[in-house]
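J.: So I've got this file, start.cif, and it contains mmCIF, C-alpha atoms:
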data_start
loop_
_atom_site.label_atom_id
_atom_site.label_comp_id
_atom_site.auth_asym_id
_atom_site.auth_seq_id
_atom_site.Cartn_x
_atom_site.Cartn_y
_atom_site.Cartn_z
CA MET Q 740 -43.32 -5.90 26.27
CA ASN Q 741 -42.18 -8.88 24.22
CA ASN Q 742 -39.61 -10.80 26.30
CA ASN Q 743 -38.62 -12.85 23.25
CA TYR Q 744 -37.24 -9.68 21.67
CA ALA Q 745 -34.50 -9.33 24.25
CA GLU Q 746 -33.62 -13.03 24.02
CA SER Q 747 -33.38 -12.82 20.24
CA LEU Q 748 -31.08 -9.79 20.27
CA SER Q 749 -29.03 -11.43 23.03
CA ARG Q 750 -28.36 -14.42 20.81
CA MET Q 751 -27.14 -12.17 18.02
CA ILE Q 752 -24.74 -10.40 20.39
CA GLN Q 753 -23.40 -13.76 21.60
CA LYS Q 754 -22.18 -14.51 18.07
CA GLU Q 755 -18.90 -12.62 18.07
CA THR Q 756 -18.48 -10.84 14.74
CA VAL Q 757 -15.58 -8.48 15.38
CA SER Q 758 -14.35 -7.09 12.08
CA GLU Q 759 -10.63 -7.70 11.73
CA ASN Q 760 -8.19 -5.71 9.64
CA GLY Q 761 -6.60 -8.00 7.12
CA LYS Q 762 -8.20 -11.30 6.09
CA LEU Q 763 -11.96 -11.44 6.56
CA ASN Q 764 -13.09 -14.34 8.72
CA ILE Q 765 -15.90 -15.61 6.49
CA GLU Q 766 -16.65 -18.57 8.73
CA LYS Q 767 -17.89 -16.57 11.69
CA PHE Q 768 -20.10 -14.41 9.46
CA SER Q 769 -21.51 -17.54 7.84
CA GLU Q 770 -22.35 -18.85 11.32
CA PHE Q 771 -23.95 -15.53 12.20
CA GLN Q 772 -26.07 -15.63 9.05
CA GLU Q 773 -27.22 -19.13 9.93
CA LEU Q 774 -28.45 -17.69 13.20
CA LEU Q 775 -30.28 -14.95 11.30
CA ARG Q 776 -32.04 -17.61 9.21
CA GLU Q 777 -33.08 -19.37 12.40
CA LEU Q 778 -34.34 -16.23 14.11
CA PHE Q 779 -36.08 -14.74 11.07
CA PRO Q 780 -37.23 -17.70 8.93
CA ASN Q 781 -40.24 -15.97 7.38
CA ILE Q 782 -38.42 -13.08 5.76
CA PHE Q 783 -35.60 -15.30 4.54
CA ALA Q 784 -38.22 -17.59 2.97
CA VAL Q 785 -39.66 -14.82 0.79
CA CYS Q 786 -36.45 -13.00 -0.12
CA GLU Q 787 -33.94 -13.54 -2.88
CA PHE Q 788 -30.54 -13.87 -1.22
CA ASN Q 789 -27.09 -12.88 -2.49
CA ASP Q 790 -23.82 -13.28 -0.63
CA PHE Q 791 -20.92 -10.89 -1.30
CA HIS Q 792 -18.00 -12.41 0.61
CA GLY Q 793 -19.83 -12.30 3.92
CA SER Q 794 -21.93 -9.24 3.18
CA ILE Q 795 -25.53 -9.90 2.18
CA LEU Q 796 -28.12 -8.39 -0.13
CA MET Q 797 -31.75 -9.56 0.03
CA ARG Q 798 -34.70 -8.60 -2.17
CA TRP Q 799 -38.29 -8.90 -0.99
CA PRO Q 800 -40.38 -8.87 -4.20
CA GLY Q 801 -43.29 -6.45 -4.16
CA LYS Q 802 -46.67 -6.61 -5.87
CA THR Q 803 -45.32 -4.76 -8.90
CA SER Q 804 -42.23 -5.57 -10.95
CA PRO Q 805 -40.57 -2.20 -11.50
CA LYS Q 806 -37.58 -1.68 -13.75
CA PRO Q 807 -34.16 -1.61 -12.06
CA GLU Q 808 -34.01 2.18 -12.30
CA ASN Q 809 -37.31 2.49 -10.41
CA GLN Q 810 -36.77 0.41 -7.28
CA GLY Q 811 -38.47 1.14 -3.99
CA LEU Q 812 -36.87 0.95 -0.57
CA MET Q 813 -33.53 -0.31 0.70
CA LEU Q 814 -32.96 -0.86 4.43
CA MET Q 815 -29.36 -1.20 5.66
CA ASN Q 816 -27.60 -2.23 8.88
CA HIS Q 817 -24.26 -4.00 9.32
CA GLN Q 818 -23.28 -7.31 10.95
CA ASP Q 819 -19.76 -6.57 12.16
CA VAL Q 820 -18.77 -4.91 15.42
CA VAL Q 821 -15.60 -3.38 16.82
CA GLU Q 822 -13.42 -5.15 19.36
CA ALA Q 823 -14.43 -5.13 23.00
CA SER Q 824 -11.42 -4.48 25.21
CA GLY Q 825 -11.57 -2.96 28.68
CA ASP Q 826 -13.30 -3.83 31.94
CA TRP Q 827 -16.97 -4.54 31.17
CA LYS Q 828 -19.75 -4.79 33.74
CA TYR Q 829 -20.99 -7.90 31.92
CA PRO Q 830 -18.88 -9.88 29.41
CA PRO Q 831 -19.12 -8.07 26.06
CA PHE Q 832 -20.31 -11.12 24.11
CA SER Q 833 -22.59 -12.54 26.79
CA GLY Q 834 -25.69 -10.70 25.62
CA GLU Q 835 -26.59 -10.41 29.30
CA ILE Q 836 -30.16 -9.30 29.99
CA ALA Q 837 -30.01 -7.41 33.27
CA GLU Q 838 -31.13 -4.13 34.85
CA GLY Q 839 -33.75 -3.71 32.11
CA LYS Q 840 -31.12 -3.73 29.37
CA VAL Q 841 -29.45 -6.01 26.85
CA TRP Q 842 -25.69 -5.72 27.30
CA GLY Q 843 -22.90 -6.42 24.83
CA ARG Q 844 -20.91 -5.30 21.86
CA GLY Q 845 -23.27 -4.39 19.05
CA ALA Q 846 -26.33 -3.71 21.20
CA LEU Q 847 -26.56 -0.26 19.59
CA ASP Q 848 -23.90 -0.46 16.88
CA ASP Q 849 -25.30 -2.14 14.94
CA LYS Q 850 -26.88 -5.49 15.82
CA GLY Q 851 -29.73 -3.76 17.64
CA GLU Q 852 -30.84 -2.00 14.47
CA LEU Q 853 -30.19 -5.09 12.33
CA TRP Q 854 -32.32 -7.15 14.71
CA ALA Q 855 -35.20 -4.61 14.69
CA MET Q 856 -35.16 -4.35 10.89
CA LEU Q 857 -35.30 -8.11 10.34
CA GLN Q 858 -37.75 -8.71 13.20
CA ALA Q 859 -40.19 -6.22 11.71
CA ALA Q 860 -39.90 -7.74 8.25
CA ASP Q 861 -40.19 -11.28 9.62
CA GLU Q 862 -43.39 -10.52 11.51
CA LEU Q 863 -44.94 -8.90 8.45
CA ALA Q 864 -43.91 -11.79 6.21
CA ALA Q 865 -45.43 -14.25 8.71
CA GLN Q 866 -48.73 -12.36 8.38
CA GLY Q 867 -48.65 -12.75 4.61
CA PHE Q 868 -47.87 -9.10 3.96
CA VAL Q 869 -46.51 -8.31 0.48
CA PRO Q 870 -44.99 -4.86 -0.06
CA GLU Q 871 -46.29 -2.62 -2.83
CA LYS Q 872 -42.79 -2.25 -4.27
CA ASP Q 873 -39.59 -4.27 -3.87
CA ILE Q 874 -37.85 -3.90 -0.54
CA TRP Q 875 -34.15 -4.65 -0.29
CA PHE Q 876 -32.06 -5.42 2.79
CA GLU Q 877 -28.30 -4.85 2.83
CA SER Q 878 -25.97 -5.88 5.63
CA SER Q 879 -22.21 -5.74 5.29
CA SER Q 880 -19.54 -7.56 7.29
CA THR Q 881 -16.89 -4.84 6.91
CA GLU Q 882 -18.54 -1.55 7.90
CA GLU Q 883 -16.20 -1.01 10.84
CA ILE Q 884 -13.03 -1.50 8.80
CA THR Q 885 -12.58 -1.37 5.02
CA ALA Q 886 -16.27 -1.11 3.98
CA GLU Q 887 -15.44 -3.49 1.11
CA GLY Q 888 -18.82 -5.19 1.46
CA ALA Q 889 -20.80 -2.00 0.86
CA LYS Q 890 -18.45 -1.00 -1.95
CA GLU Q 891 -18.92 -4.35 -3.70
CA ILE Q 892 -22.70 -4.33 -3.31
CA SER Q 893 -23.05 -0.72 -4.43
CA ALA Q 894 -20.90 -1.44 -7.49
CA TYR Q 895 -23.08 -4.43 -8.36
CA LEU Q 896 -26.28 -2.40 -8.02
CA TYR Q 897 -24.87 0.57 -9.96
CA GLU Q 898 -23.54 -1.56 -12.81
CA ASN Q 899 -26.96 -3.20 -13.15
CA GLY Q 900 -28.76 0.13 -13.31
CA TYR Q 901 -30.56 0.03 -9.97
CA ARG Q 902 -31.89 3.19 -8.34
CA PHE Q 903 -33.99 3.48 -5.20
CA GLU Q 904 -36.61 5.94 -4.06
CA MET Q 905 -35.25 5.76 -0.52
CA ILE Q 906 -32.34 4.17 1.34
CA LEU Q 907 -32.23 4.06 5.15
CA ASP Q 908 -29.17 3.11 7.19
CA GLU Q 909 -28.03 3.46 10.81
CA GLY Q 910 -27.48 6.97 12.11
CA GLY Q 911 -28.84 9.36 14.69
CA MET Q 912 -31.08 8.26 17.55
CA ILE Q 913 -33.74 9.79 19.77
CA LEU Q 914 -31.86 12.03 22.15
CA LYS Q 915 -32.82 14.22 25.06
CA GLU Q 916 -31.60 17.81 24.62
CA PRO Q 917 -29.30 17.07 21.65
CA PHE Q 918 -28.32 20.75 21.56
CA ALA Q 919 -27.71 22.78 24.70
CA GLY Q 920 -30.93 24.46 25.77
CA ALA Q 921 -33.26 22.49 23.47
CA GLN Q 922 -35.89 21.11 25.86
CA GLY Q 923 -37.33 17.69 25.05
CA SER Q 924 -36.42 14.62 23.05
CA PHE Q 925 -35.72 14.72 19.32
CA ALA Q 926 -35.11 12.18 16.58
CA MET Q 927 -31.87 13.09 14.85
CA VAL Q 928 -32.11 12.00 11.22
CA GLY Q 929 -28.90 12.24 9.21
CA VAL Q 930 -29.43 13.67 5.73
CA GLY Q 931 -25.75 13.38 4.88
CA GLU Q 932 -22.35 12.66 6.37
CA LYS Q 933 -18.93 14.21 6.21
CA GLY Q 934 -16.39 12.62 3.90
CA CYS Q 935 -13.47 10.72 5.39
CA VAL Q 936 -9.82 10.66 4.25
CA ASP Q 937 -6.79 9.06 5.93
CA ILE Q 938 -3.57 11.03 5.48
CA LYS Q 939 0.03 10.15 6.26
CA PHE Q 940 2.38 13.03 7.17
CA THR Q 941 6.08 12.12 6.95
CA ALA Q 942 9.14 13.96 8.22
CA LYS Q 943 12.58 12.91 6.98
CA SER Q 944 16.16 13.57 8.05
CA SER Q 945 19.65 12.05 7.85
CA GLY Q 946 19.10 10.37 11.22
CA GLY Q 947 22.01 10.02 13.60
CA HIS Q 948 22.89 9.23 17.20
CA ALA Q 949 20.68 10.68 19.91
CA SER Q 950 23.71 11.97 21.83
CA ALA Q 951 24.10 15.01 19.57
CA PRO Q 952 20.65 15.90 18.22
CA PRO Q 953 20.26 18.71 15.68
CA LYS Q 954 17.34 21.11 15.71
CA ASP Q 955 13.98 20.20 14.16
CA THR Q 956 14.39 16.45 13.98
CA PRO Q 957 11.48 14.55 12.36
CA LEU Q 958 9.52 13.99 15.56
CA VAL Q 959 9.96 17.60 16.63
CA ARG Q 960 8.64 18.86 13.27
CA LEU Q 961 5.71 16.49 13.48
CA GLY Q 962 5.01 17.67 17.02
CA LYS Q 963 5.07 21.32 15.97
CA PHE Q 964 2.77 20.52 13.05
CA MET Q 965 0.24 18.71 15.24
CA SER Q 966 0.36 21.47 17.83
CA TYR Q 967 -0.31 24.11 15.18
CA VAL Q 968 -3.31 22.21 13.82
CA ASP Q 969 -4.60 21.72 17.34
CA ARG Q 970 -4.33 25.40 18.26
CA HIS Q 971 -5.33 27.16 15.03
CA GLU Q 972 -8.37 27.29 12.76
CA VAL Q 973 -6.95 25.58 9.69
CA PHE Q 974 -10.28 24.87 7.96
CA ASP Q 975 -13.20 27.09 6.92
CA VAL Q 976 -15.95 27.48 9.52
CA GLU Q 977 -19.46 27.82 8.08
CA LEU Q 978 -23.11 27.27 9.00
CA SER Q 979 -24.24 24.82 6.34
CA PRO Q 980 -27.88 24.70 5.15
CA VAL Q 981 -28.31 21.45 7.11
CA VAL Q 982 -27.09 22.99 10.35
CA CYS Q 983 -29.30 26.04 9.77
CA GLU Q 984 -32.37 23.83 9.29
CA MET Q 985 -31.46 21.82 12.40
CA LEU Q 986 -31.25 25.01 14.47
CA ARG Q 987 -34.51 26.39 13.07
CA ARG Q 988 -36.39 23.23 14.05
CA LEU Q 989 -34.88 23.20 17.53
CA ALA Q 990 -35.49 26.93 18.14
CA PRO Q 991 -39.17 26.64 19.25
CA ASN Q 992 -37.98 24.41 22.09
CA MET Q 993 -35.46 26.95 23.36
CA GLU Q 994 -35.82 30.13 25.38
CA GLY Q 995 -34.74 33.74 25.36
CA VAL Q 996 -32.13 35.27 23.10
CA THR Q 997 -30.82 31.84 22.13
CA ALA Q 998 -34.20 30.86 20.67
CA LYS Q 999 -34.40 34.08 18.64
CA ALA Q 1000 -30.90 33.57 17.24
CA MET Q 1001 -31.48 29.90 16.38
CA ALA Q 1002 -34.72 30.76 14.58
CA ARG Q 1003 -32.72 33.01 12.19
CA PRO Q 1004 -29.34 31.29 12.00
CA GLU Q 1005 -28.16 33.00 8.81
CA GLN Q 1006 -28.74 36.42 10.37
CA PHE Q 1007 -26.88 35.53 13.56
CA ALA Q 1008 -24.24 33.28 11.94
CA PRO Q 1009 -21.12 34.89 13.52
CA VAL Q 1010 -22.48 34.53 17.05
CA ILE Q 1011 -23.80 31.02 16.50
CA LYS Q 1012 -20.51 29.85 14.99
CA SER Q 1013 -18.62 31.21 17.98
CA VAL Q 1014 -20.98 29.53 20.46
CA MET Q 1015 -21.04 26.18 18.68
CA SER Q 1016 -17.26 26.11 18.27
CA LYS Q 1017 -16.84 26.40 22.04
CA MET Q 1018 -19.81 24.24 23.05
CA ASN Q 1019 -18.33 20.74 22.59
CA PRO Q 1020 -16.32 18.81 19.97
CA THR Q 1021 -19.46 17.40 18.32
CA ALA Q 1022 -21.07 20.81 17.81
CA GLY Q 1023 -17.80 22.24 16.54
CA ALA Q 1024 -17.37 19.38 14.07
CA LEU Q 1025 -20.68 20.31 12.39
CA LEU Q 1026 -19.13 23.58 11.24
CA LYS Q 1027 -15.88 22.55 9.61
CA THR Q 1028 -13.46 19.91 8.41
CA THR Q 1029 -11.71 18.15 11.29
CA LEU Q 1030 -8.39 16.30 11.51
CA ALA Q 1031 -7.65 13.82 14.29
CA PHE Q 1032 -4.14 12.37 14.65
CA THR Q 1033 -4.50 8.67 15.34
CA ARG Q 1034 -1.21 6.83 14.78
CA SER Q 1035 2.52 7.57 14.75
CA GLN Q 1036 5.94 5.95 14.38
CA GLY Q 1037 9.53 7.06 14.81
CA SER Q 1038 12.76 5.08 15.02
CA ASN Q 1039 13.13 1.55 16.36
CA GLY Q 1040 15.84 2.49 18.84
CA ASN Q 1041 15.71 4.61 22.00
CA ASN Q 1042 19.02 6.24 21.10
CA VAL Q 1043 18.45 6.71 17.36
CA ILE Q 1044 17.14 9.82 15.67
CA PRO Q 1045 14.72 8.59 13.00
CA GLU Q 1046 15.58 9.05 9.37
CA GLU Q 1047 11.84 8.99 8.83
CA ALA Q 1048 8.89 9.47 11.18
CA TYR Q 1049 5.22 9.82 10.47
CA VAL Q 1050 1.81 10.49 11.92
CA ILE Q 1051 -1.50 9.47 10.41
CA GLY Q 1052 -4.47 11.78 10.53
CA ASN Q 1053 -8.13 10.96 9.98
CA MET Q 1054 -9.77 13.90 8.23
CA ARG Q 1055 -13.56 14.37 8.09
CA TYR Q 1056 -14.15 17.02 5.47
CA SER Q 1057 -17.09 19.41 5.37
CA HIS Q 1058 -19.38 19.81 2.38
CA HIS Q 1059 -18.72 23.52 2.07
CA GLN Q 1060 -14.92 23.15 1.83
CA GLY Q 1061 -14.93 19.70 0.23
CA LYS Q 1062 -12.17 17.15 -0.02
CA GLU Q 1063 -9.87 19.02 -2.39
CA GLY Q 1064 -10.19 22.31 -0.52
CA SER Q 1065 -9.59 20.63 2.82
CA LEU Q 1066 -6.54 18.74 1.54
CA ALA Q 1067 -5.11 21.95 0.11
CA ALA Q 1068 -5.57 23.71 3.45
CA ILE Q 1069 -3.75 21.05 5.46
CA GLU Q 1070 -1.02 20.58 2.84
CA LYS Q 1071 -0.19 24.28 3.17
CA VAL Q 1072 0.47 23.76 6.88
CA ALA Q 1073 2.39 20.52 6.32
CA LYS Q 1074 4.79 22.23 3.90
CA ARG Q 1075 5.52 24.86 6.54
CA TYR Q 1076 7.10 22.10 8.64
CA ASN Q 1077 8.76 20.37 5.69
CA LEU Q 1078 6.46 17.35 5.78
CA GLU Q 1079 5.44 15.09 2.94
CA MET Q 1080 1.75 14.27 2.63
CA GLU Q 1081 0.30 11.01 1.28
CA ILE Q 1082 -3.37 10.11 0.88
CA LEU Q 1083 -3.91 6.58 2.22
CA ASP Q 1084 -7.64 6.31 1.67
CA GLU Q 1085 -9.57 8.60 -0.67
CA GLY Q 1086 -12.90 7.89 1.05
CA ALA Q 1087 -16.26 8.61 -0.57
CA ASP Q 1088 -18.37 11.73 -0.85
CA SER Q 1089 -21.88 11.87 0.57
CA GLY Q 1090 -24.53 14.15 -0.85
CA ILE Q 1091 -27.21 15.95 1.14
CA SER Q 1092 -30.75 14.60 0.95
CA ASP Q 1093 -33.74 16.94 0.89
CA TRP Q 1094 -35.55 17.22 4.22
CA ASN Q 1095 -38.67 18.33 2.29
CA SER Q 1096 -38.81 15.10 0.28
CA ASP Q 1097 -41.51 12.42 0.53
CA ALA Q 1098 -38.90 10.08 1.99
CA PHE Q 1099 -38.11 12.43 4.87
CA LYS Q 1100 -41.82 13.08 5.42
CA LEU Q 1101 -42.35 9.31 5.75
CA MET Q 1102 -39.63 9.28 8.40
CA GLU Q 1103 -41.34 12.16 10.23
CA GLU Q 1104 -44.67 10.35 10.17
CA ALA Q 1105 -43.17 7.09 11.42
CA ILE Q 1106 -41.27 8.80 14.24
CA LYS Q 1107 -44.30 10.78 15.44
CA ASP Q 1108 -46.59 7.73 15.23
CA VAL Q 1109 -44.30 5.34 17.07
CA PHE Q 1110 -42.52 7.63 19.51
CA GLY Q 1111 -45.40 9.79 20.70
CA GLY Q 1112 -44.99 12.98 18.73
CA VAL Q 1113 -41.20 13.19 18.79
CA GLU Q 1114 -40.02 15.60 16.10
CA ALA Q 1115 -37.54 14.58 13.40
CA ILE Q 1116 -34.56 16.92 13.14
CA PRO Q 1117 -32.32 16.80 10.03
CA TYR Q 1118 -28.63 16.92 10.83
CA LEU Q 1119 -25.23 16.13 9.37
CA MET Q 1120 -23.43 13.03 10.63
CA THR Q 1121 -19.80 13.52 11.56
CA GLY Q 1122 -19.23 9.74 11.61
CA ALA Q 1123 -19.16 7.43 8.60
CA THR Q 1124 -21.66 4.78 7.53
CA ASP Q 1125 -21.89 2.30 4.66
CA LEU Q 1126 -24.54 4.53 3.15
CA ARG Q 1127 -21.91 6.87 1.72
CA PHE Q 1128 -21.21 4.22 -0.92
CA MET Q 1129 -24.87 4.10 -1.94
CA ASP Q 1130 -25.10 7.80 -2.69
CA ALA Q 1131 -25.22 7.27 -6.46
CA LEU Q 1132 -28.18 4.91 -6.08
CA SER Q 1133 -30.72 7.29 -4.56
CA ASP Q 1134 -31.54 10.96 -4.05
CA ASN Q 1135 -32.91 10.12 -0.60
CA CYS Q 1136 -30.24 8.58 1.65
CA LEU Q 1137 -31.25 8.87 5.31
CA ARG Q 1138 -29.59 7.76 8.53
CA PHE Q 1139 -31.54 6.91 11.67
CA ALA Q 1140 -31.48 4.23 14.38
CA PRO Q 1141 -34.94 3.98 16.00
CA PHE Q 1142 -33.83 3.80 19.64
CA ARG Q 1143 -34.04 6.18 22.55
CA ALA Q 1144 -30.53 6.52 23.94
CA SER Q 1145 -29.04 8.30 26.93
CA GLU Q 1146 -25.71 10.12 26.89
CA GLU Q 1147 -24.23 7.16 28.78
CA GLN Q 1148 -25.48 4.72 26.15
CA LEU Q 1149 -24.15 6.88 23.34
CA SER Q 1150 -20.71 6.95 24.96
CA SER Q 1151 -20.78 3.15 25.22
CA ILE Q 1152 -20.76 2.81 21.42
CA HIS Q 1153 -17.20 1.71 20.55
CA GLY Q 1154 -16.56 1.96 24.30
CA ILE Q 1155 -17.27 -0.31 27.25
CA ASN Q 1156 -20.63 -1.51 28.61
CA GLU Q 1157 -22.57 -1.00 25.38
CA ASN Q 1158 -26.27 -1.61 26.03
CA VAL Q 1159 -29.81 -0.93 24.88
CA ASP Q 1160 -32.98 -0.68 26.97
CA VAL Q 1161 -35.28 -3.71 26.70
CA GLU Q 1162 -38.28 -1.36 26.57
CA ALA Q 1163 -36.76 0.34 23.51
CA LEU Q 1164 -36.89 -2.83 21.41
CA GLU Q 1165 -40.61 -3.00 20.62
CA PRO Q 1166 -40.86 0.62 19.38
CA ALA Q 1167 -37.86 0.00 17.11
CA VAL Q 1168 -39.68 -2.92 15.50
CA GLU Q 1169 -42.83 -0.84 15.12
CA PHE Q 1170 -40.83 1.91 13.43
CA TYR Q 1171 -39.54 -0.42 10.72
CA LYS Q 1172 -43.01 -1.90 10.29
CA TYR Q 1173 -44.42 1.58 9.71
CA ILE Q 1174 -41.76 2.37 7.10
CA ILE Q 1175 -42.26 -0.94 5.27
CA THR Q 1176 -46.07 -0.91 5.26
CA ASN Q 1177 -46.44 2.78 4.40
CA PHE Q 1178 -43.84 2.92 1.64
CA LYS Q 1179 -45.93 3.18 -1.53
#
Using the file provided, produce a representation of the structure as structure tokens.
T.:
Amino acid sequence: MNNNYAESLSRMIQKETVSENGKLNIEKFSEFQELLRELFPNIFAVCEFNDFHGSILMRWPGKTSPKPENQGLMLMNHQDVVEASGDWKYPPFSGEIAEGKVWGRGALDDKGELWAMLQAADELAAQGFVPEKDIWFESSSTEEITAEGAKEISAYLYENGYRFEMILDEGGMILKEPFAGAQGSFAMVGVGEKGCVDIKFTAKSSGGHASAPPKDTPLVRLGKFMSYVDRHEVFDVELSPVVCEMLRRLAPNMEGVTAKAMARPEQFAPVIKSVMSKMNPTAGALLKTTLAFTRSQGSNGNNVIPEEAYVIGNMRYSHHQGKEGSLAAIEKVAKRYNLEMEILDEGADSGISDWNSDAFKLMEEAIKDVFGGVEAIPYLMTGATDLRFMDALSDNCLRFAPFRASEEQLSSIHGINENVDVEALEPAVEFYKYIITNFK
């Protein structure tokens, strides 16, 4: 075990890089990047460096000089983290090394992965390794908020005709029993992600004094609307090809009738959909578009009926129903309660990468080599990553974070007491080394 690994990641966590809505604090990201140069001098010495308002793009020249449309590998991980409120066991920006773990905001999302990626490249560069083809590194400072960094970098690459054979960003991890009844640990590799749209639903009225309220005031209509969405199946429920492949690969590790059904998911689709819908929110979200209500506002006075009230919903749309179909479905319900609907953020579509591709096979090989035979399982991410903006740049966009993580550690992401095991750091570095050295 390399004790310097934990110390290095700890220093990155100590540099607070909370992404803030509104004006981007360039200064703190500049300071963070100075730390990166200090920690990883060898890879910075051999890379071309471009700064995009705090987000960075680096190119490690390979032995060949391919045309822009025939680039090799891009590795991605972001610099920014979410805020760290709540009662933490150790201060969230202390980078405390204790109990066999590195503690702090970003340990798993996403400074841990950023550290492992750069550490692997730095060690290889120090050895004089030169990749066969160009390798690019992208790290945005706005992934947790507007994603402007990834948008700007993707636009630059697209306008200059760049295409990549493979792009790898953060994503699934190595989980124990990721699906109820699947015995063992599995590497969950995202081959796509659901699209994301923010929607504002507004109810209007003539307002008035709260002493004589009419029926169906704006907040009441909004409440009825949210209750209906919560209690009814508004969106289409389907077993996508990705989910079917995930279940087929997990089936040999299951028992009894469940194993037989999972091995032939298309044949047993009605039963599987019913089971998954009731299993847990994550399993249910793999089957359909979801809508979570996140913000609301009514009047400014306790005794005033609002002339206008609204709720904001965050919709993650499925590939089978798509953005337009999902918006049409929810608009139909909104009209029933006399609500106006406004799209606040159009989001970006993500394609589905082929799990039979050479890129996915390289991931399988790396995972089995480094993590002792752990199997790679393709799945669909319900969360969003910067990679959705790179979709036009590659046919092979994959999402994986090379760490073993417990349920408790997963729940700490965007929560309190975020941490990563010290013993998980070295395998993560070896994973990136395998990808870099075996990418031909």
J.: Calculated over only C-alpha atoms, which of the candidates Q:Ala886, Q:Phe868, Q:Ser879, Q:Gly845 has the smallest distance to Q:Phe768?
T.: Q:Ser879
J.: Find the residues around Q:Gly1023 up to 9 Å (all atoms listed in the file counted), leave out those fewer than 4 positions away in its own chain, and share them as a PyMOL selection string.
T.: chain Q and resi 976+1012+1014-1019+1027
J.: Got a sec to resolve the PyMOL selection byres ((chain Q and resi 1046-1057) around 8) on this structure and send the residues as a ChimeraX atom specification?
T.: /Q:933-947,957-958,961,1025-1038,1044-1045,1058-1062,1065,1121
J.: Please compute the atom CA of Q:Ala1115-atom CA of Q:Glu1157 distance, one decimal, in Å.
T.: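 Going from atom CA of Q:Ala1115 over to atom CA of Q:Glu1157, I get 24.7 Å.
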J.: Let me know the residues the PyMOL selection byres ((chain Q and resi 877) around 12) catches in the file above, as a PyMOL selection string.
T.: chain Q and resi 786-791+793-799+812-818+853+856-857+874-876+878-880+882+888-893+896+906-909+1125-1126+1129
J.: Work out how far atom CA of Q:Glu852 is from atom CA of Q:Phe1110, in Å to one decimal.
T.: 16.0 Å
